[in-house]
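For reference, the structure is listed below as structure tokens.
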Amino acid sequence: MATVSRRDFLKLTAIGAGAIGVSELGFDMAHAYEVRQQLRIAGATESHSICPYCAVGCSLIAYTRKNADGSTALLQIEGDPDSPVNEGRLCPKGATAMELANSNRRVEQPKYRAPGASDWQTVSWDFVLDKVAQHIKDSRDRTFVTKDHDGKVVNRCDGIAFAGGAAFSNEEGYFASKVLRSLGLVYLEQQARV
Amino acid sequence: MAISAAAVANRWTQRRRRAQELREAWPFSAEVLGFYGALLDAQEAAWSQARMDVPAPADVISYTRVRVLPAIFEATVRSGPSKLVQSLLERYEVADFESIAKAWLDGNELLPVERYIARAAVSPVLEALGTAAGALGSGPRGGRHCPSCGGRPQLSYFAASSEELLTPQRYLECERCATSWPYTRMTCAACGESRSMQLAVFTEEGVAQAGRGARVVRRQPAAADLGSEAAAPEPGSARFAHMRIDGCRSCSTYVLTVDLGGNGRAVPVVDELAALPLDLYAKEQGLRKITPNLMGF
Amino acid sequence: MTNHWRDIKNADLILINGANPAEAHPIGFQWFMRAKLDPQRGPGNGGGAKIIHADPRFSRTSAVSDLYLRIRTGTDVAYFGGLINYVLQHDLHHAEYVKHYTNAPLLINKDFNFKDGLFSGYDAATRFYNVTSWGYDLDGSGSPKRDDSLQNPRCVFQLIKKHYERYTPEMVSAITGIPQADFLKVAEMVGEMGRADKVMTIVYAVGLTHHTTGGQLIRSGAVLQLLLGNIGRPGGGMNAERGHANIQGNTDNALSWEILPGYLKTPAPGQKNIDDYVRHSASKKLGEFSWNFFGTNYKKFTVSLLKSWYGNAATKQNDFAFDYLPKIAENASWLTIFDRAMKGQMEGLMLEGMTATSIGPDVSQILEGLSKLKWLVVLDAFPTTSSEFWHAPGMDPAAVQTEVFLLPATHWIEKDGAFTNSGRWVQWKDQVLPPQGEARHDHWIFADLFQRLKLLYQQHGGKFPDPLMHLTMDYANPLRPELDELAQEMNGKDLKSGKRLATFVKLQDDGSTAAGNWLYTGMYPEKGNLAKRRDGVQDIAKNDPTGMGFFPNWAWSWPLNRRVMYNRASADLEGRPWDPKRAGIKWTGEKWVGDVPDYPSKMNPKDPKAWAPFIMNGEGVARLFSNSMSDGPIPEHYEPMESPVKNPLHPDVSSSPVAFLYDKHAGRPDRFGTPDEYPIVATTYRLTEHEHYLTQQVRKLVELQPEPFVELPEGLAQEKGLQTGDMVRVRSKRGKIEVRALVSKRLGPLHVAGKNVWQVGIPIHWGFVGVAAEMYPEKAQHWLVNALTPFVGDANSRTPEFKAFLVQVEKV
């Protein structure tokens, strides 16, 4: 190693590596380049999820890919092998969670059925939100009790009930709990009881 | 727990078998694998001898120089690519071996040819010593480093699954002593990054991503009903159906991952050496391998 | 669960009642199988465990159990009561634990008694107990009197012993149908579990809860576990499996009428201010060794909640806006909602991921209720039997005046946020996909509705708008709060420094702290969201240092990352684990190590003033006898409301004397059937391939289990001339279903109270919406199993009696 200094040589190889169709150690890369050109490679993202079905809480790995049109495709769901709960296993339901996530049976637009009507109408979000807000206000104002028969302050709404929440995240449940109670709702229920 | 000699010896048979298979299946790596196959004989002999000799950790380098290096050198000169052979013959002197090997074990920067010769000769001895090799190097153990010798991960693999709906553990395999250890599934093996958005997985299109566990169901066109099996190409139609590039945008490195569930005949260390087009792709993405493999890729 | 899924592998004996984990929780069930089969876990470590399955139907769980007991549905109090009797008669209880960690030595009020099926304080006219006589006999200082010899006939131990004397093996068999010899085999195995080096777990599901005696069914198991010293220990506990991904988390968040977030009671009319509310709601400290942690901190948690909700509008001067909290006088649960709807007292209903029409009970009454609403809002990712009720088969849309809105909601994979599993592990998930179509996140729908409502009140005024006007919306975008922001709000912070808190111990009652749910304080401290942690089985040695399966850095567990609740009771009085091989926590001489202790981390257990172990209870000890249940301080067997036999213990008080009878109260005709008309006992169950009603939208799963059926024992099928595949009609007093017969050996005859009784089982998953219904639209009209079930619930929780009712079966 006399002619070129060690440091210079390191620089040289770093720059020249792979640039001349021959690898660092001298393997011919031509064929590999050719194959590389034919390869269609796709980038995917792995994300963490939790199974949407029972309360065991199996961890999932979800693979997604951004399509050229900007949409995201879900490629696969499998068990997360690191989880102390499921250690990579899934049951038949969890293993088909894909289908729940990628369903053409979803409701994709708000729908409205007028009293006595025999069909749904597809409507806008503004339409339903305005109408529901007005309903909540009217029903609340009609059924709100400030003081009960004994004159005790109760500040509650007796005519509106809410039930749900076993399928959405904690933070959504907390938010629903907070907002609904600010309206004075007391008829609040969840799947836990039924 | 003692591993029987037969079970371990089987490794070499498996490597040889897989190198032969891939030489035929993947002509683009025929040169690399042809040379690797020739080197395997010398490495296995060195490994067998070292298992009997059991050199003390402090003596590993000198032991390797005396007992292993000549055969490795000879095999390389006989079967290696001309550039490597030429470099070895022109620039390399046996007297330098011990300092080069030490530098390699210390993780210092080396010339490709130096890295090659150190690794080709020392690793069979480390592999033979098993956990005893751990006394050699300094530095951290466990996590992103080999729990035995502290080496960096050469590759990552998913174990084969024993059940249809089971996704098995991910393992890393050591660049130096071939020890493998379980590692967090969705975390960079170089820097520990775990945010999904920073981690990119590249696979050959039409290939099941890590095809065990849940069945692959593709997103259907809106008109089609759901639930039918994917219209995706058969996994077998892709060359690298069982491999992927695990890249990290935070530290710009990648590691190749071999899915043994996707191909039961794969031998991670051999498949990793042979997947040259994936390496080329990863480099185009601006990623560098956590550590180059034996053949410098 | 007091414990968690992985912990089940630590058990020596696993009792499964009212559950079928092999089929309903298959992945959770791996921990049962590892307890039984894992050769790495020798005796005393959990390996070689035995499993006993008591269930009306032989299932895949039974197939791998060491003993299967065919039990009549709804009679588990008799089974557990018989086991309690066996343990006490043979002196097999964990004496030290019972004496020091339970209320066994405490004396009960002299007026307490139990006679002919009724506890003292019963008022037949109102069907209510006045529970005054169920309290402790207090000394002059207000502490319960005690007898540490456990001999005083008025001490809890003797009262319990006497109560269960009646539960002889003969009686157990007469009630449950379990042959005496089988029962005695179980009793022997259970009897060994009172040893300190043994531990048993009880696992249950809705097969225990869905009864008019549901609360007591569970309590009877808990009393057995306390007598055996198995609460608080790894491998022990009372463990509810739970069937929905976040049923636990949003119970914690109080989408439930009787609680506020963190299990604070909802205030009642007449509670004038916070102090008054706390006085009525918090447990009181009884005795000098009781810490009474919950009671002591109740006000801090309440004030911090109000600060979180009402911010600067919650001041000391206005009692932290206590008036903004609605006060409820009567039960406001599921059955009450539909009872009120039927009476025309409910104008609007919002259903979110829950479908009342399928859930029932007594679907025709539910449909009547829905039809009498002014408006119904369904937020869901899929159409449901509730969003579609107005044009269900057999309904005339023109006659239904309810205005119906179907709001497309995102589902789990389209948003981030945490799910809390049944083992209380709070696990964060990523948003994987963008919303499909125009679907919106549930909380964004609420946020948007809220802003529109606020505007309406600002523009037009209305009733008591103050809480709306002052509700905090401190999010970057109040129309689109991020779940991360909400998680931080739940965790809470110090309002002076603005720093998030690491523990609820720091919460204050002076308005200087806020926390939306004190139970989640510590999940999101300054160092970040701990529910995202992922140190799992990839490195067991490092991530599970105790080897007990706690995995402290995998996600986060409430409270305070504790993995086994009440774990102070896993160690003896001096802080030594009852079983050193299965330590929960232990005292090192300086501090407690192991799991996160349910105790002050540096409190020396040998200190004469050390707190008693159950720090959440006012007594500081666990309650074998409790005055907090409305149907009795000691679990007693009552028959289901519809039963084929009279209660063998007290035929004149056969079923629960206090279950609330909605139809009777409302003046509606009686809807209970009698055994002469409906002689067959029916129960409902779930299948592996389906989850509740949602999976009717998943074609693959419908392909695996395409059609509903009723499972019939061979003997009954013979009597009725039925074969597998025949169409049969199952009728109750309330309705009918028409489905195929599945004749099997999994159900069989029962000999009960001198009578032969048949049981049938019906899976619940089908209705008139979904893939299967579209395949068989003609048939789907009569697929709702809850057309059969009774409109009556548990005396405490009002959970409907879905699991035990009477039917008749006939060929169509």
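How things are named: the first chain in the structure tokens is A, the next is B, and so on; residues count from 1 in each chain; ligands count from 1 in the order shown.
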
Tell me which protein, DNA and RNA residues are within 6 Å of Pro84 of chain A, counting only C-alpha atoms, leaving out same-chain ones fewer than 2 positions away, and put them as a PDB file with C-alpha atoms, in the first residue's frame.
```
ATOM      1  CA  ASN A  86     -51.136 -11.797  21.102  1.00  0.00           C
ATOM      2  CA  GLU A  87     -47.476 -12.475  20.248  1.00  0.00           C
TER       3      GLU A  87
ATOM      4  CA  GLY C 536     -42.740  -6.381  24.372  1.00  0.00           C
ATOM      5  CA  VAL C 537     -41.758  -9.968  23.813  1.00  0.00           C
TER       6      VAL C 537
END
```

Give me, as an MDAnalysis selection string, all polymer residues having an atom no more than 9 Å from Phe175 of chain A, counting only C-alpha atoms and skipping those fewer than 5 positions away in the same chain.
(chainID A and resid 170 180) or (chainID C and resid 253 443 446:447 486)

The selected residues should be written to file as a compact mmCIF listing (two decimals), in the first residue's frame (atoms: all heavy atoms).
```txt
# COMPACT_ATOMS: atom_id res chain seq x y z
N ASN A 170 -60.60 5.96 23.14
CA ASN A 170 -60.83 6.57 24.46
C ASN A 170 -61.10 8.06 24.37
O ASN A 170 -61.99 8.59 25.03
CB ASN A 170 -59.56 6.43 25.32
CG ASN A 170 -59.46 5.07 25.94
OD1 ASN A 170 -60.44 4.33 25.98
ND2 ASN A 170 -58.29 4.72 26.40
N LEU A 180 -71.68 15.90 25.80
CA LEU A 180 -73.07 15.52 26.09
C LEU A 180 -73.49 15.98 27.48
O LEU A 180 -74.62 16.42 27.69
CB LEU A 180 -73.26 14.02 25.93
CG LEU A 180 -73.08 13.52 24.49
CD1 LEU A 180 -73.02 12.00 24.44
CD2 LEU A 180 -74.21 14.03 23.60
N ASN C 253 -64.44 6.24 30.61
CA ASN C 253 -64.76 7.62 30.28
C ASN C 253 -66.22 7.98 30.53
O ASN C 253 -66.68 9.05 30.15
CB ASN C 253 -64.41 7.91 28.82
CG ASN C 253 -62.92 8.11 28.68
OD1 ASN C 253 -62.33 8.88 29.42
ND2 ASN C 253 -62.30 7.40 27.77
N HIS C 443 -65.69 12.28 16.84
CA HIS C 443 -65.48 13.46 17.71
C HIS C 443 -65.52 14.75 16.90
O HIS C 443 -65.83 15.80 17.44
CB HIS C 443 -64.20 13.32 18.53
CG HIS C 443 -62.94 13.26 17.72
ND1 HIS C 443 -62.66 12.23 16.86
CD2 HIS C 443 -61.88 14.09 17.67
CE1 HIS C 443 -61.48 12.45 16.31
NE2 HIS C 443 -60.99 13.56 16.78
N PHE C 446 -69.17 15.51 16.65
CA PHE C 446 -69.62 16.12 17.91
C PHE C 446 -69.14 17.56 18.04
O PHE C 446 -69.88 18.44 18.47
CB PHE C 446 -69.12 15.31 19.10
CG PHE C 446 -70.05 14.21 19.48
CD1 PHE C 446 -69.77 12.90 19.19
CD2 PHE C 446 -71.25 14.51 20.10
CE1 PHE C 446 -70.65 11.89 19.51
CE2 PHE C 446 -72.14 13.51 20.44
CZ PHE C 446 -71.84 12.19 20.13
N ALA C 447 -67.89 17.79 17.65
CA ALA C 447 -67.33 19.13 17.78
C ALA C 447 -68.10 20.11 16.89
O ALA C 447 -68.43 21.23 17.30
CB ALA C 447 -65.85 19.12 17.41
N LEU C 486 -56.74 15.54 23.11
CA LEU C 486 -57.71 15.04 24.09
C LEU C 486 -57.05 14.11 25.10
O LEU C 486 -57.40 14.11 26.28
CB LEU C 486 -58.87 14.35 23.37
CG LEU C 486 -59.80 15.31 22.63
CD1 LEU C 486 -60.65 14.57 21.59
CD2 LEU C 486 -60.71 16.03 23.62
```

Where in segment 44-170 of chain A does DSSP assign helix (DSSP H, G or I), given as a list in words?
Pro92, Lys93, Gly94, Ala95, Ala97, Met98, Glu99, Leu100, Ala101, Trp125, Asp126, Phe127, Val128, Leu129, Asp130, Lys131, Val132, Ala133, Gln134, His135, Ile136, Lys137, Asp138, Ser139, Arg140, Asp141, Arg142, Thr143 and Asn170 of chain A

Selection: 10 Å around segment 283-296 of chain B, only C-alpha atoms, excl. self and same-chain fewer than 6 positions, as a PyMOL selection string
(chain A and resi 23-27) or (chain B and resi 32-33+35-36+112-113+115-120+123+151-155+175-176+188-191+245-249+251-256+269+272-274+277)

Restricting it to N, CA and C atoms, dump the selection as a tab-separated table (two decimals), in the first residue's frame.
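Full text of again_2.tsv as output:
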```
chain	number	residue	atom	x	y	z
A	23	SER	N	-18.35	-3.74	-9.02
A	23	SER	CA	-18.50	-3.41	-7.61
A	23	SER	C	-17.15	-3.17	-6.95
A	24	GLU	N	-17.19	-2.74	-5.72
A	24	GLU	CA	-15.98	-2.45	-4.94
A	24	GLU	C	-14.96	-3.57	-5.01
A	25	LEU	N	-15.48	-4.78	-4.87
A	25	LEU	CA	-14.55	-5.90	-4.86
A	25	LEU	C	-14.34	-6.47	-6.26
A	26	GLY	N	-15.02	-5.89	-7.27
A	26	GLY	CA	-14.73	-6.28	-8.63
A	26	GLY	C	-15.77	-7.18	-9.28
A	27	PHE	N	-16.95	-7.33	-8.66
A	27	PHE	CA	-17.99	-8.14	-9.30
A	27	PHE	C	-18.63	-7.34	-10.42
B	32	VAL	N	-21.12	-13.72	-7.77
B	32	VAL	CA	-20.98	-13.55	-6.32
B	32	VAL	C	-21.13	-14.89	-5.61
B	33	LEU	N	-22.15	-15.63	-6.01
B	33	LEU	CA	-22.45	-16.87	-5.30
B	33	LEU	C	-21.45	-17.97	-5.64
B	35	PHE	N	-18.31	-17.52	-6.16
B	35	PHE	CA	-17.17	-17.24	-5.30
B	35	PHE	C	-17.50	-17.60	-3.85
B	36	TYR	N	-18.70	-17.20	-3.42
B	36	TYR	CA	-19.12	-17.47	-2.04
B	36	TYR	C	-19.10	-18.98	-1.76
B	112	PRO	N	-12.32	-1.61	1.33
B	112	PRO	CA	-13.17	-2.78	1.04
B	112	PRO	C	-12.38	-4.09	1.08
B	113	VAL	N	-11.21	-4.08	0.54
B	113	VAL	CA	-10.44	-5.32	0.50
B	113	VAL	C	-10.01	-5.75	1.91
B	115	ARG	N	-11.64	-4.99	4.66
B	115	ARG	CA	-12.86	-5.45	5.33
B	115	ARG	C	-13.16	-6.89	4.91
B	116	TYR	N	-13.01	-7.13	3.63
B	116	TYR	CA	-13.28	-8.46	3.11
B	116	TYR	C	-12.40	-9.50	3.79
B	117	ILE	N	-11.12	-9.28	3.79
B	117	ILE	CA	-10.22	-10.34	4.25
B	117	ILE	C	-10.37	-10.56	5.76
B	118	ALA	N	-10.55	-9.45	6.49
B	118	ALA	CA	-10.74	-9.60	7.93
B	118	ALA	C	-12.00	-10.42	8.21
B	119	ARG	N	-13.04	-10.05	7.53
B	119	ARG	CA	-14.32	-10.69	7.80
B	119	ARG	C	-14.34	-12.14	7.34
B	120	ALA	N	-13.83	-12.38	6.13
B	120	ALA	CA	-13.86	-13.74	5.59
B	120	ALA	C	-13.10	-14.70	6.51
B	123	SER	N	-14.65	-14.28	10.84
B	123	SER	CA	-16.02	-14.61	11.24
B	123	SER	C	-16.27	-16.11	11.47
B	151	GLY	N	-21.54	-6.82	17.50
B	151	GLY	CA	-21.51	-6.46	16.07
B	151	GLY	C	-22.81	-5.82	15.62
B	152	ARG	N	-22.78	-5.21	14.43
B	152	ARG	CA	-23.98	-4.59	13.89
B	152	ARG	C	-24.80	-5.63	13.12
B	153	PRO	N	-26.07	-5.33	12.92
B	153	PRO	CA	-26.89	-6.30	12.18
B	153	PRO	C	-26.55	-6.28	10.69
B	154	GLN	N	-26.29	-7.45	10.13
B	154	GLN	CA	-26.06	-7.56	8.70
B	154	GLN	C	-27.39	-7.58	7.96
B	155	LEU	N	-28.33	-8.24	8.57
B	155	LEU	CA	-29.61	-8.43	7.90
B	155	LEU	C	-30.69	-8.65	8.95
B	175	GLU	N	-23.28	-9.27	11.80
B	175	GLU	CA	-22.31	-9.23	10.71
B	175	GLU	C	-21.08	-10.06	11.02
B	176	ARG	N	-20.74	-10.22	12.31
B	176	ARG	CA	-19.47	-10.85	12.66
B	176	ARG	C	-19.61	-12.33	13.01
B	188	CYS	N	-36.18	0.90	13.32
B	188	CYS	CA	-34.94	0.90	12.54
B	188	CYS	C	-33.85	0.16	13.32
B	189	ALA	N	-33.16	-0.73	12.63
B	189	ALA	CA	-32.12	-1.53	13.29
B	189	ALA	C	-30.82	-0.74	13.42
B	190	ALA	N	-30.77	0.46	12.84
B	190	ALA	CA	-29.56	1.26	12.96
B	190	ALA	C	-29.70	2.34	14.03
B	191	CYS	N	-30.85	3.05	14.01
B	191	CYS	CA	-30.95	4.20	14.93
B	191	CYS	C	-32.10	4.08	15.92
B	245	ILE	N	-36.85	-4.34	1.52
B	245	ILE	CA	-35.86	-3.36	1.98
B	245	ILE	C	-36.52	-2.60	3.12
B	246	ASP	N	-35.91	-2.62	4.30
B	246	ASP	CA	-36.41	-1.84	5.42
B	246	ASP	C	-35.58	-0.59	5.54
B	247	GLY	N	-36.12	0.52	5.08
B	247	GLY	CA	-35.36	1.76	5.08
B	247	GLY	C	-35.79	2.70	6.19
B	248	CYS	N	-34.88	3.58	6.58
B	248	CYS	CA	-35.18	4.55	7.62
B	248	CYS	C	-34.84	5.94	7.10
B	249	ARG	N	-35.82	6.82	7.11
B	249	ARG	CA	-35.60	8.17	6.61
B	249	ARG	C	-34.86	9.03	7.62
B	251	CYS	N	-32.16	8.06	9.53
B	251	CYS	CA	-30.71	7.89	9.49
B	251	CYS	C	-30.23	7.45	8.12
B	252	SER	N	-31.16	7.38	7.16
B	252	SER	CA	-30.81	7.06	5.77
B	252	SER	C	-30.08	5.73	5.62
B	253	THR	N	-30.46	4.77	6.40
B	253	THR	CA	-29.86	3.45	6.21
B	253	THR	C	-30.95	2.46	5.81
B	254	TYR	N	-30.51	1.31	5.41
B	254	TYR	CA	-31.46	0.24	5.15
B	254	TYR	C	-30.85	-1.09	5.55
B	255	VAL	N	-31.73	-2.06	5.68
B	255	VAL	CA	-31.29	-3.42	5.90
B	255	VAL	C	-32.23	-4.29	5.06
B	256	LEU	N	-31.69	-5.36	4.50
B	256	LEU	CA	-32.56	-6.27	3.76
B	256	LEU	C	-33.17	-7.26	4.74
B	269	VAL	N	-28.53	-15.34	5.21
B	269	VAL	CA	-27.23	-14.77	4.89
B	269	VAL	C	-26.91	-14.91	3.40
B	272	GLU	N	-29.39	-12.62	1.28
B	272	GLU	CA	-29.01	-11.22	1.45
B	272	GLU	C	-27.84	-10.87	0.53
B	273	LEU	N	-26.91	-11.81	0.42
B	273	LEU	CA	-25.74	-11.58	-0.45
B	273	LEU	C	-26.15	-11.48	-1.91
B	274	ALA	N	-27.18	-12.23	-2.26
B	274	ALA	CA	-27.50	-12.41	-3.68
B	274	ALA	C	-28.50	-11.41	-4.23
B	277	PRO	N	-30.04	-6.59	-7.05
B	277	PRO	CA	-30.91	-5.53	-7.57
B	277	PRO	C	-31.60	-4.75	-6.46
```

Name the residues in contact with Pro147 of chain B at a cut-off of 12 Å, using only C-alpha atoms, excluding same-chain residues fewer than 6 positions from it; report them as an MDAnalysis selection string.
(chainID B and resid 130:135 137:141 153 172:174 176:183) or (chainID C and resid 539 542)

Once you have the residues from the selection above, write them out as a compact mmCIF listing (two decimals), in the first residue's frame, restricted to N, CA and C atoms.
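For reference, again.txt as written:
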```txt
# COMPACT_ATOMS: atom_id res chain seq x y z
N GLY B 130 -19.09 -18.99 19.37
CA GLY B 130 -20.43 -18.72 19.92
C GLY B 130 -20.38 -17.63 20.94
N THR B 131 -21.04 -17.86 22.09
CA THR B 131 -21.14 -16.79 23.08
C THR B 131 -19.77 -16.41 23.64
N ALA B 132 -18.79 -17.33 23.55
CA ALA B 132 -17.45 -17.01 24.06
C ALA B 132 -16.85 -15.85 23.28
N ALA B 133 -17.29 -15.66 22.05
CA ALA B 133 -16.79 -14.55 21.24
C ALA B 133 -17.16 -13.22 21.87
N GLY B 134 -18.11 -13.26 22.75
CA GLY B 134 -18.59 -12.03 23.38
C GLY B 134 -17.51 -11.30 24.15
N ALA B 135 -16.50 -12.04 24.63
CA ALA B 135 -15.45 -11.41 25.43
C ALA B 135 -14.54 -10.54 24.57
N GLY B 137 -15.02 -8.06 21.76
CA GLY B 137 -15.18 -6.63 21.47
C GLY B 137 -15.65 -5.86 22.69
N SER B 138 -15.56 -4.54 22.57
CA SER B 138 -16.15 -3.72 23.62
C SER B 138 -17.44 -3.14 23.03
N GLY B 139 -18.00 -2.19 23.69
CA GLY B 139 -19.19 -1.53 23.14
C GLY B 139 -20.48 -2.17 23.60
N PRO B 140 -21.57 -1.55 23.22
CA PRO B 140 -22.87 -1.98 23.74
C PRO B 140 -23.30 -3.35 23.23
N ARG B 141 -24.13 -4.00 24.01
CA ARG B 141 -24.68 -5.31 23.65
C ARG B 141 -26.21 -5.22 23.69
N PRO B 153 -26.07 -5.33 12.92
CA PRO B 153 -26.89 -6.30 12.18
C PRO B 153 -26.55 -6.28 10.69
N LEU B 172 -32.58 -10.06 14.01
CA LEU B 172 -31.42 -9.48 13.34
C LEU B 172 -30.31 -10.52 13.38
N GLU B 173 -29.44 -10.49 12.36
CA GLU B 173 -28.31 -11.43 12.35
C GLU B 173 -27.02 -10.64 12.32
N CYS B 174 -26.07 -11.06 13.14
CA CYS B 174 -24.83 -10.31 13.35
C CYS B 174 -23.90 -10.41 12.14
N ARG B 176 -20.74 -10.22 12.31
CA ARG B 176 -19.47 -10.85 12.66
C ARG B 176 -19.61 -12.33 13.01
N CYS B 177 -20.53 -12.62 13.94
CA CYS B 177 -20.52 -13.98 14.50
C CYS B 177 -21.78 -14.75 14.12
N ALA B 178 -22.63 -14.16 13.28
CA ALA B 178 -23.83 -14.82 12.77
C ALA B 178 -24.84 -15.17 13.85
N THR B 179 -24.66 -14.60 15.03
CA THR B 179 -25.68 -14.77 16.07
C THR B 179 -26.95 -14.04 15.62
N SER B 180 -28.10 -14.61 15.89
CA SER B 180 -29.30 -13.83 15.61
C SER B 180 -30.07 -13.59 16.89
N TRP B 181 -30.79 -12.47 16.94
CA TRP B 181 -31.53 -12.10 18.15
C TRP B 181 -32.81 -11.38 17.77
N PRO B 182 -33.86 -11.58 18.59
CA PRO B 182 -35.13 -10.94 18.25
C PRO B 182 -35.06 -9.43 18.41
N TYR B 183 -35.78 -8.74 17.55
CA TYR B 183 -35.73 -7.28 17.55
C TYR B 183 -37.12 -6.73 17.24
N ASP C 539 -37.84 -8.86 23.49
CA ASP C 539 -36.73 -9.06 24.41
C ASP C 539 -37.33 -9.30 25.80
N LYS C 542 -35.36 -8.51 29.09
CA LYS C 542 -35.23 -7.10 29.44
C LYS C 542 -36.59 -6.46 29.72
```
